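The next block is final-v7.cif, given as mmCIF, C-alpha atoms.
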data_structure
#
loop_
_atom_site.label_atom_id
_atom_site.label_comp_id
_atom_site.auth_asym_id
_atom_site.auth_seq_id
_atom_site.Cartn_x
_atom_site.Cartn_y
_atom_site.Cartn_z
CA MET A 129 -20.72 2.29 14.22
CA THR A 130 -17.44 4.24 14.02
CA LYS A 131 -15.21 4.03 10.95
CA GLU A 132 -12.60 2.23 13.11
CA LYS A 133 -15.16 -0.46 14.01
CA LYS A 134 -16.32 -0.73 10.39
CA LEU A 135 -12.71 -1.24 9.24
CA GLU A 136 -12.10 -3.81 11.98
CA LYS A 137 -15.27 -5.66 10.92
CA LEU A 138 -14.33 -5.48 7.23
CA ASN A 139 -10.86 -6.94 7.86
CA LYS A 140 -12.24 -9.66 10.13
CA GLU A 141 -14.87 -10.66 7.55
CA TRP A 142 -12.36 -10.72 4.69
CA SER A 143 -9.85 -12.66 6.81
CA GLN A 144 -12.46 -15.36 7.26
CA LYS A 145 -13.70 -15.54 3.69
CA ILE A 146 -10.55 -15.03 1.62
CA LYS A 147 -9.55 -18.09 -0.40
CA SER A 148 -5.91 -17.92 -1.41
CA PRO A 149 -3.25 -20.61 -1.85
CA LEU A 150 -0.93 -18.24 0.07
CA LEU A 151 -2.86 -19.03 3.25
CA LYS A 152 -1.14 -22.45 3.25
CA THR A 153 2.37 -20.98 3.22
CA CYS A 154 2.16 -17.79 5.30
CA ASN A 155 2.12 -17.52 9.10
CA GLN A 156 -0.81 -15.12 9.16
CA ILE A 157 -2.86 -12.61 7.22
CA VAL A 158 -1.43 -9.11 7.48
CA VAL A 159 -4.28 -6.60 7.37
CA GLY A 160 -3.92 -2.87 6.79
CA ASP A 161 -3.00 -0.59 9.67
CA GLY A 162 -3.47 3.05 10.51
CA ASN A 163 -6.04 5.79 10.47
CA PRO A 164 -9.39 4.90 8.84
CA ASN A 165 -9.99 8.66 8.39
CA ALA A 166 -6.69 9.14 6.53
CA ASP A 167 -6.29 11.35 3.48
CA ILE A 168 -3.58 8.97 2.25
CA ILE A 169 -3.52 5.22 1.72
CA ILE A 170 -0.07 3.76 1.07
CA ILE A 171 -0.24 0.43 -0.76
CA GLY A 172 2.63 -2.02 -1.00
CA GLU A 173 2.70 -5.35 -2.77
CA ALA A 174 2.77 -8.06 -0.07
CA PRO A 175 4.02 -8.69 3.46
CA GLY A 176 7.66 -9.68 3.91
CA LYS A 177 9.20 -11.95 6.54
CA LYS A 178 8.99 -9.47 9.46
CA GLU A 179 5.43 -8.54 8.56
CA ASP A 180 4.42 -12.20 8.34
CA GLU A 181 5.88 -12.75 11.81
CA SER A 182 4.38 -9.64 13.44
CA GLY A 183 1.06 -9.39 11.60
CA GLN A 184 1.64 -5.69 10.81
CA PRO A 185 2.47 -4.09 7.45
CA PHE A 186 5.82 -2.42 6.82
CA VAL A 187 7.71 -3.22 10.03
CA GLY A 188 10.95 -4.58 8.54
CA ALA A 189 13.83 -2.60 7.05
CA ALA A 190 11.61 -1.14 4.30
CA GLY A 191 9.08 -0.12 6.96
CA LYS A 192 11.74 1.66 8.99
CA PHE A 193 12.83 3.55 5.87
CA LEU A 194 9.18 4.41 5.16
CA ASP A 195 8.81 5.72 8.73
CA GLN A 196 11.90 7.93 8.24
CA MET A 197 10.49 9.37 5.03
CA LEU A 198 7.12 10.00 6.71
CA ASP A 199 8.93 11.72 9.57
CA ASN A 200 10.80 13.93 7.07
CA ILE A 201 7.46 15.31 5.83
CA ASN A 202 5.94 15.53 9.33
CA LEU A 203 3.57 12.61 8.89
CA LYS A 204 3.16 9.72 11.31
CA ARG A 205 1.67 6.30 10.73
CA ASP A 206 -1.27 7.49 12.85
CA ASN A 207 -2.07 10.01 10.08
CA ILE A 208 -2.16 7.52 7.19
CA TYR A 209 -3.37 4.02 6.35
CA ILE A 210 -0.88 1.39 5.14
CA THR A 211 -1.85 -1.84 3.46
CA ASN A 212 -0.77 -4.26 0.72
CA ILE A 213 -2.33 -5.58 -2.45
CA VAL A 214 -1.78 -9.15 -1.20
CA LYS A 215 -2.33 -9.75 2.52
CA CYS A 216 -0.26 -12.96 2.82
CA ARG A 217 3.47 -13.39 2.32
CA PRO A 218 4.36 -15.24 -0.88
CA PRO A 219 6.78 -18.16 -0.35
CA ASN A 220 10.45 -17.13 -0.23
CA ASN A 221 9.37 -13.50 -0.59
CA ARG A 222 8.73 -13.98 -4.32
CA ASP A 223 6.65 -11.46 -6.25
CA PRO A 224 2.89 -11.97 -5.93
CA LEU A 225 1.38 -13.77 -8.91
CA PRO A 226 -1.33 -12.04 -10.98
CA GLN A 227 -4.01 -14.45 -9.74
CA GLU A 228 -2.93 -13.82 -6.12
CA LYS A 229 -3.24 -10.07 -6.60
CA GLU A 230 -6.60 -10.58 -8.30
CA GLY A 231 -7.84 -12.70 -5.38
CA PHE A 232 -7.13 -9.95 -2.85
CA TRP A 233 -8.31 -7.05 -5.07
CA PRO A 234 -11.94 -6.98 -3.77
CA TRP A 235 -10.63 -6.69 -0.19
CA LEU A 236 -8.44 -3.73 -1.16
CA LEU A 237 -11.37 -2.09 -2.97
CA ASP A 238 -13.44 -2.39 0.22
CA GLU A 239 -10.63 -0.80 2.26
CA ILE A 240 -10.34 2.11 -0.18
CA ASN A 241 -14.11 2.64 -0.35
CA LEU A 242 -14.41 2.69 3.43
CA ILE A 243 -11.49 5.08 4.00
CA LYS A 244 -12.16 7.30 0.96
CA PRO A 245 -8.65 8.78 0.74
CA LYS A 246 -7.76 11.86 -1.25
CA LEU A 247 -4.58 10.16 -2.49
CA ILE A 248 -3.42 6.60 -3.08
CA ILE A 249 0.35 6.13 -2.96
CA THR A 250 1.55 2.94 -4.61
CA LEU A 251 4.91 1.50 -3.60
CA GLY A 252 6.54 -0.42 -6.43
CA ARG A 253 5.38 -1.75 -9.76
CA HIS A 254 3.28 -4.62 -8.37
CA SER A 255 1.11 -2.25 -6.40
CA LEU A 256 0.95 0.23 -9.27
CA SER A 257 -0.03 -2.46 -11.81
CA ASN A 258 -3.34 -2.98 -10.02
CA PHE A 259 -4.29 0.60 -10.92
CA ILE A 260 -2.43 1.22 -14.18
CA GLU A 261 -2.06 -1.40 -16.89
CA ASN A 262 1.54 -2.33 -17.79
CA PRO A 263 3.18 0.52 -15.91
CA ILE A 264 6.84 1.34 -16.31
CA ILE A 265 7.68 2.61 -12.83
CA SER A 266 10.85 4.35 -13.97
CA GLN A 267 8.66 6.55 -16.20
CA VAL A 268 5.76 7.26 -13.83
CA HIS A 269 7.40 7.48 -10.39
CA GLY A 270 6.94 10.84 -8.75
CA THR A 271 3.90 11.70 -10.87
CA ILE A 272 0.20 11.92 -10.17
CA VAL A 273 -2.09 9.80 -12.30
CA ASP A 274 -5.80 10.58 -12.34
CA LYS A 275 -7.72 7.34 -12.77
CA ASN A 276 -11.30 6.27 -12.77
CA ILE A 277 -11.25 2.86 -11.11
CA PRO A 278 -14.33 0.65 -11.38
CA LYS A 279 -16.00 0.33 -7.95
CA ILE A 280 -13.92 3.25 -6.59
CA GLY A 281 -14.48 6.14 -9.01
CA ALA A 282 -12.09 9.01 -9.69
CA ILE A 283 -8.91 8.86 -7.60
CA LYS A 284 -5.43 10.36 -7.67
CA ILE A 285 -2.61 7.83 -7.64
CA TYR A 286 0.96 8.78 -6.81
CA ALA A 287 3.50 6.20 -7.96
CA LEU A 288 6.69 5.66 -5.97
CA TYR A 289 9.51 3.15 -5.99
CA HIS A 290 9.23 0.52 -3.26
CA PRO A 291 11.35 1.34 -0.18
CA ALA A 292 12.81 -2.19 -0.20
CA ALA A 293 14.25 -1.68 -3.69
CA ALA A 294 15.59 1.73 -2.71
CA LEU A 295 17.42 0.27 0.30
CA TYR A 296 19.82 -1.54 -2.01
CA ASN A 297 20.17 1.08 -4.74
CA GLY A 298 21.61 4.46 -3.71
CA SER A 299 20.35 6.45 -6.71
CA MET A 300 16.85 4.96 -6.38
CA ARG A 301 16.92 5.82 -2.67
CA GLU A 302 17.63 9.49 -3.44
CA THR A 303 14.89 9.52 -6.08
CA LEU A 304 12.39 7.99 -3.66
CA ILE A 305 13.24 10.52 -0.94
CA LYS A 306 12.87 13.38 -3.45
CA ASP A 307 9.53 12.01 -4.73
CA PHE A 308 8.32 11.47 -1.17
CA LYS A 309 9.00 15.10 -0.26
CA LYS A 310 6.41 16.17 -2.87
CA ILE A 311 3.54 14.55 -0.92
CA PRO A 312 2.57 17.57 1.28
CA LYS A 313 2.39 19.84 -1.78
CA ILE A 314 0.32 17.23 -3.65
CA LEU A 315 -2.14 16.99 -0.74
CA LYS A 316 -2.50 20.77 -0.66
CA SER A 317 -3.19 20.84 -4.39
CA ILE A 318 -5.95 18.24 -3.93
CA ASP A 319 -7.61 20.32 -1.19
#

Turn the structure described in the file into structure tokens.
Amino acid sequence: MTKEKKLEKLNKEWSQKIKSPLLKTCNQIVVGDGNPNADIIIIGEAPGKKEDESGQPFVGAAGKFLDQMLDNINLKRDNIYITNIVKCRPPNNRDPLPQEKEGFWPWLLDEINLIKPKLIITLGRHSLSNFIENPIISQVHGTIVDKNIPKIGAIKIYALYHPAAALYNGSMRETLIKDFKKIPKILKSID
């Protein structure tokens, strides 16, 4: 079975067995998308309105900004894998609750273990907090953190601000673009 088929099967199985109160309020589960052989997994926090409507991660304004930043470093969505900690949109786009993130964590672990990326890029503090306890994103953004995650093992995590937050804050936007431009050099250093 190809990695693509294994990922498809994994997402289908998890979609059927996940038990989350968010299933009652979202339109659909938004599974990860992209290359199952990717060196990079980009992890956001949860689907927004556009993602909940389309069923694809990062397709709204933040997704368009993410695509622009990828383009600036000569990466396409086809080269990476994009997913979220929580696969269902929280009501009124609120932050995901700790128990909601915890409920989807095993699914994310399975995605990571199947893809085996060289680098995990977290977008925003909610995504980062699943890997680093009580992170202060303003202190760790743009840095690599080496972590040993139970059920994953040793992995490099690159913390970034969330594109949605950067859309409304000019200085954060510039910081995110600058941090994003480091990704090719980081990948080379991992090789």

- Give as number ranges by chain the residues that the PyMOL selection byres ((chain A and resi 278-286) around 9) matches when applied to the coordinates above. A: 237-238, 240-241, 244-251, 256, 259, 268-277, 287-288, 311, 318

- Residues selected by the PyMOL selection byres ((chain A and resi 211) around 10), written as a list in words: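 Given this file, the PyMOL selection byres ((chain A and resi 211) around 10) evaluates to Val158, Val159, Gly160, Asp161, Gly162, Ile169, Ile170, Ile171, Gly172, Glu173, Ala174, Pro175, Gln184, Pro185, Phe186, Tyr209, Ile210, Asn212, Ile213, Val214, Lys215, Leu236, Glu239 and Thr250 of chain A.
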
- Which of these, A:Leu150, A:Pro263, A:Leu242, A:Met197, has the shortest distance to Asp223 in chain A once you count only C-alpha atoms? A:Leu150

- Do you know which residues are at most 9 Å from Gln156 in chain A counting only C-alpha atoms, after dropping those on the same chain fewer than 3 positions away, and could you put them as a PyMOL selection string? chain A and resi 151+153+180-183+215-217

- Task: Write out as a list in words which residues come within 12 Å of Ala190 in chain A when counting all atoms listed in the file, dropping same-chain ones fewer than 2 positions away.
- Result: Gly172, Pro175, Gly176, Lys177, Lys178, Glu179, Pro185, Phe186, Val187, Gly188, Lys192, Phe193, Leu194, Asp195, Gln196, Met197, Leu251, Gly252, Tyr289, His290, Pro291, Ala292, Ala293, Ala294, Leu295, Tyr296 and Arg301 of chain A

Next, the residues of the selection above should be written as an mmCIF file, in the coordinates of the input with C-alpha atoms.
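Saved result, out-v1.cif, follows:
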data_model
loop_
_atom_site.group_PDB
_atom_site.id
_atom_site.type_symbol
_atom_site.label_atom_id
_atom_site.label_comp_id
_atom_site.auth_asym_id
_atom_site.auth_seq_id
_atom_site.Cartn_x
_atom_site.Cartn_y
_atom_site.Cartn_z
ATOM 1 C CA GLY A 172 2.630 -2.020 -1.000
ATOM 2 C CA PRO A 175 4.020 -8.690 3.460
ATOM 3 C CA GLY A 176 7.660 -9.680 3.910
ATOM 4 C CA LYS A 177 9.200 -11.950 6.540
ATOM 5 C CA LYS A 178 8.990 -9.470 9.460
ATOM 6 C CA GLU A 179 5.430 -8.540 8.560
ATOM 7 C CA PRO A 185 2.470 -4.090 7.450
ATOM 8 C CA PHE A 186 5.820 -2.420 6.820
ATOM 9 C CA VAL A 187 7.710 -3.220 10.030
ATOM 10 C CA GLY A 188 10.950 -4.580 8.540
ATOM 11 C CA LYS A 192 11.740 1.660 8.990
ATOM 12 C CA PHE A 193 12.830 3.550 5.870
ATOM 13 C CA LEU A 194 9.180 4.410 5.160
ATOM 14 C CA ASP A 195 8.810 5.720 8.730
ATOM 15 C CA GLN A 196 11.900 7.930 8.240
ATOM 16 C CA MET A 197 10.490 9.370 5.030
ATOM 17 C CA LEU A 251 4.910 1.500 -3.600
ATOM 18 C CA GLY A 252 6.540 -0.420 -6.430
ATOM 19 C CA TYR A 289 9.510 3.150 -5.990
ATOM 20 C CA HIS A 290 9.230 0.520 -3.260
ATOM 21 C CA PRO A 291 11.350 1.340 -0.180
ATOM 22 C CA ALA A 292 12.810 -2.190 -0.200
ATOM 23 C CA ALA A 293 14.250 -1.680 -3.690
ATOM 24 C CA ALA A 294 15.590 1.730 -2.710
ATOM 25 C CA LEU A 295 17.420 0.270 0.300
ATOM 26 C CA TYR A 296 19.820 -1.540 -2.010
ATOM 27 C CA ARG A 301 16.920 5.820 -2.670
#

- Computed gap from CA of Arg253 in chain A to CA of Ile201 in chain A is 23.2 Å

- Task: Could you jot down the CA of Arg222 in chain A to CA of Ile265 in chain A separation for me, Å, one decimal place?
- Result: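 Atom-to-atom, CA of Arg222 in chain A and CA of Ile265 in chain A are spaced 18.7 Å apart.
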
- Quick one: pull the distance between CA of Gly191 in chain A and CA of Leu315 in chain A, Å, one decimal. 21.9 Å

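With distances taken over all atoms listed in the file, A:Pro164 is the one residue among A:Pro312, A:Pro226, A:Pro164, A:Pro218 lying closest to Arg205 in chain A.
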
- Item | Reference answer for the PyMOL selection byres ((chain A and resi 134) around 12), as a list in words |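 When the PyMOL selection byres ((chain A and resi 134) around 12) is applied to the shown file, the picked residues are Met129, Thr130, Lys131, Glu132, Lys133, Leu135, Glu136, Lys137, Leu138, Asn139, Lys140, Glu141, Pro164, Asn165, Asp238, Glu239, Asn241, Leu242 and Ile243 of chain A.
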
- Note on the structure: Across A:Asn258, A:Ser317, A:Asn207, A:Asn220, the smallest distance to Ala166 in chain A, with only C-alpha atoms counted, is shown by A:Asn207

Please reconstruct the missing atoms of range 241-272 of chain A (target: N, CA and C atoms) and return them as a CSV table (one decimal), in the frame of the given file.
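For reference, rebuild_3.csv as written:
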chain,number,residue,atom,x,y,z
A,241,ASN,N,-12.8,2.1,-0.4
A,241,ASN,CA,-14.1,2.6,-0.4
A,241,ASN,C,-14.5,3.0,1.1
A,242,LEU,N,-14.1,2.3,2.1
A,242,LEU,CA,-14.4,2.7,3.4
A,242,LEU,C,-13.6,3.9,3.9
A,243,ILE,N,-12.4,4.0,3.6
A,243,ILE,CA,-11.5,5.1,4.0
A,243,ILE,C,-11.7,6.3,3.2
A,244,LYS,N,-12.0,6.2,1.9
A,244,LYS,CA,-12.2,7.3,1.0
A,244,LYS,C,-11.0,8.3,1.0
A,245,PRO,N,-9.8,7.9,0.7
A,245,PRO,CA,-8.6,8.8,0.7
A,245,PRO,C,-8.7,9.8,-0.4
A,246,LYS,N,-7.9,10.9,-0.2
A,246,LYS,CA,-7.8,11.9,-1.2
A,246,LYS,C,-6.7,11.4,-2.2
A,247,LEU,N,-5.7,10.6,-1.7
A,247,LEU,CA,-4.6,10.2,-2.5
A,247,LEU,C,-4.2,8.7,-2.2
A,248,ILE,N,-4.0,7.9,-3.2
A,248,ILE,CA,-3.4,6.6,-3.1
A,248,ILE,C,-2.0,6.7,-3.5
A,249,ILE,N,-1.1,6.2,-2.6
A,249,ILE,CA,0.4,6.1,-3.0
A,249,ILE,C,0.7,4.7,-3.1
A,250,THR,N,1.1,4.3,-4.3
A,250,THR,CA,1.6,2.9,-4.6
A,250,THR,C,3.1,2.8,-4.5
A,251,LEU,N,3.5,1.8,-3.8
A,251,LEU,CA,4.9,1.5,-3.6
A,251,LEU,C,5.3,0.3,-4.5
A,252,GLY,N,6.0,0.6,-5.5
A,252,GLY,CA,6.5,-0.4,-6.4
A,252,GLY,C,5.6,-0.7,-7.6
A,253,ARG,N,6.1,-1.5,-8.5
A,253,ARG,CA,5.4,-1.8,-9.8
A,253,ARG,C,4.2,-2.7,-9.5
A,254,HIS,N,4.4,-3.6,-8.6
A,254,HIS,CA,3.3,-4.6,-8.4
A,254,HIS,C,2.0,-3.9,-7.8
A,255,SER,N,2.2,-3.0,-6.9
A,255,SER,CA,1.1,-2.2,-6.4
A,255,SER,C,0.5,-1.4,-7.5
A,256,LEU,N,1.4,-0.7,-8.2
A,256,LEU,CA,1.0,0.2,-9.3
A,256,LEU,C,0.2,-0.5,-10.4
A,257,SER,N,0.6,-1.7,-10.7
A,257,SER,CA,0.0,-2.5,-11.8
A,257,SER,C,-1.5,-2.8,-11.5
A,258,ASN,N,-1.9,-2.7,-10.3
A,258,ASN,CA,-3.3,-3.0,-10.0
A,258,ASN,C,-4.2,-1.8,-10.4
A,259,PHE,N,-3.6,-0.6,-10.6
A,259,PHE,CA,-4.3,0.6,-10.9
A,259,PHE,C,-4.0,1.1,-12.3
A,260,ILE,N,-2.8,0.8,-12.9
A,260,ILE,CA,-2.4,1.2,-14.2
A,260,ILE,C,-1.9,0.0,-14.9
A,261,GLU,N,-2.5,-0.2,-16.1
A,261,GLU,CA,-2.1,-1.4,-16.9
A,261,GLU,C,-0.7,-1.2,-17.5
A,262,ASN,N,0.2,-2.3,-17.3
A,262,ASN,CA,1.5,-2.3,-17.8
A,262,ASN,C,2.4,-1.1,-17.5
A,263,PRO,N,2.4,-0.7,-16.2
A,263,PRO,CA,3.2,0.5,-15.9
A,263,PRO,C,4.7,0.3,-16.0
A,264,ILE,N,5.4,1.4,-16.4
A,264,ILE,CA,6.8,1.3,-16.3
A,264,ILE,C,7.2,2.3,-15.2
A,265,ILE,N,7.5,1.8,-14.0
A,265,ILE,CA,7.7,2.6,-12.8
A,265,ILE,C,8.8,3.7,-13.0
A,266,SER,N,9.8,3.4,-13.8
A,266,SER,CA,10.8,4.4,-14.0
A,266,SER,C,10.3,5.6,-14.7
A,267,GLN,N,9.2,5.4,-15.5
A,267,GLN,CA,8.7,6.6,-16.2
A,267,GLN,C,7.6,7.3,-15.4
A,268,VAL,N,6.9,6.6,-14.5
A,268,VAL,CA,5.8,7.3,-13.8
A,268,VAL,C,6.0,7.6,-12.4
A,269,HIS,N,7.1,7.2,-11.8
A,269,HIS,CA,7.4,7.5,-10.4
A,269,HIS,C,7.4,9.0,-10.2
A,270,GLY,N,6.9,9.4,-9.1
A,270,GLY,CA,6.9,10.8,-8.8
A,270,GLY,C,5.9,11.7,-9.5
A,271,THR,N,5.0,11.0,-10.2
A,271,THR,CA,3.9,11.7,-10.9
A,271,THR,C,2.5,11.3,-10.4
A,272,ILE,N,1.6,12.2,-10.5
A,272,ILE,CA,0.2,11.9,-10.2
A,272,ILE,C,-0.5,11.4,-11.4
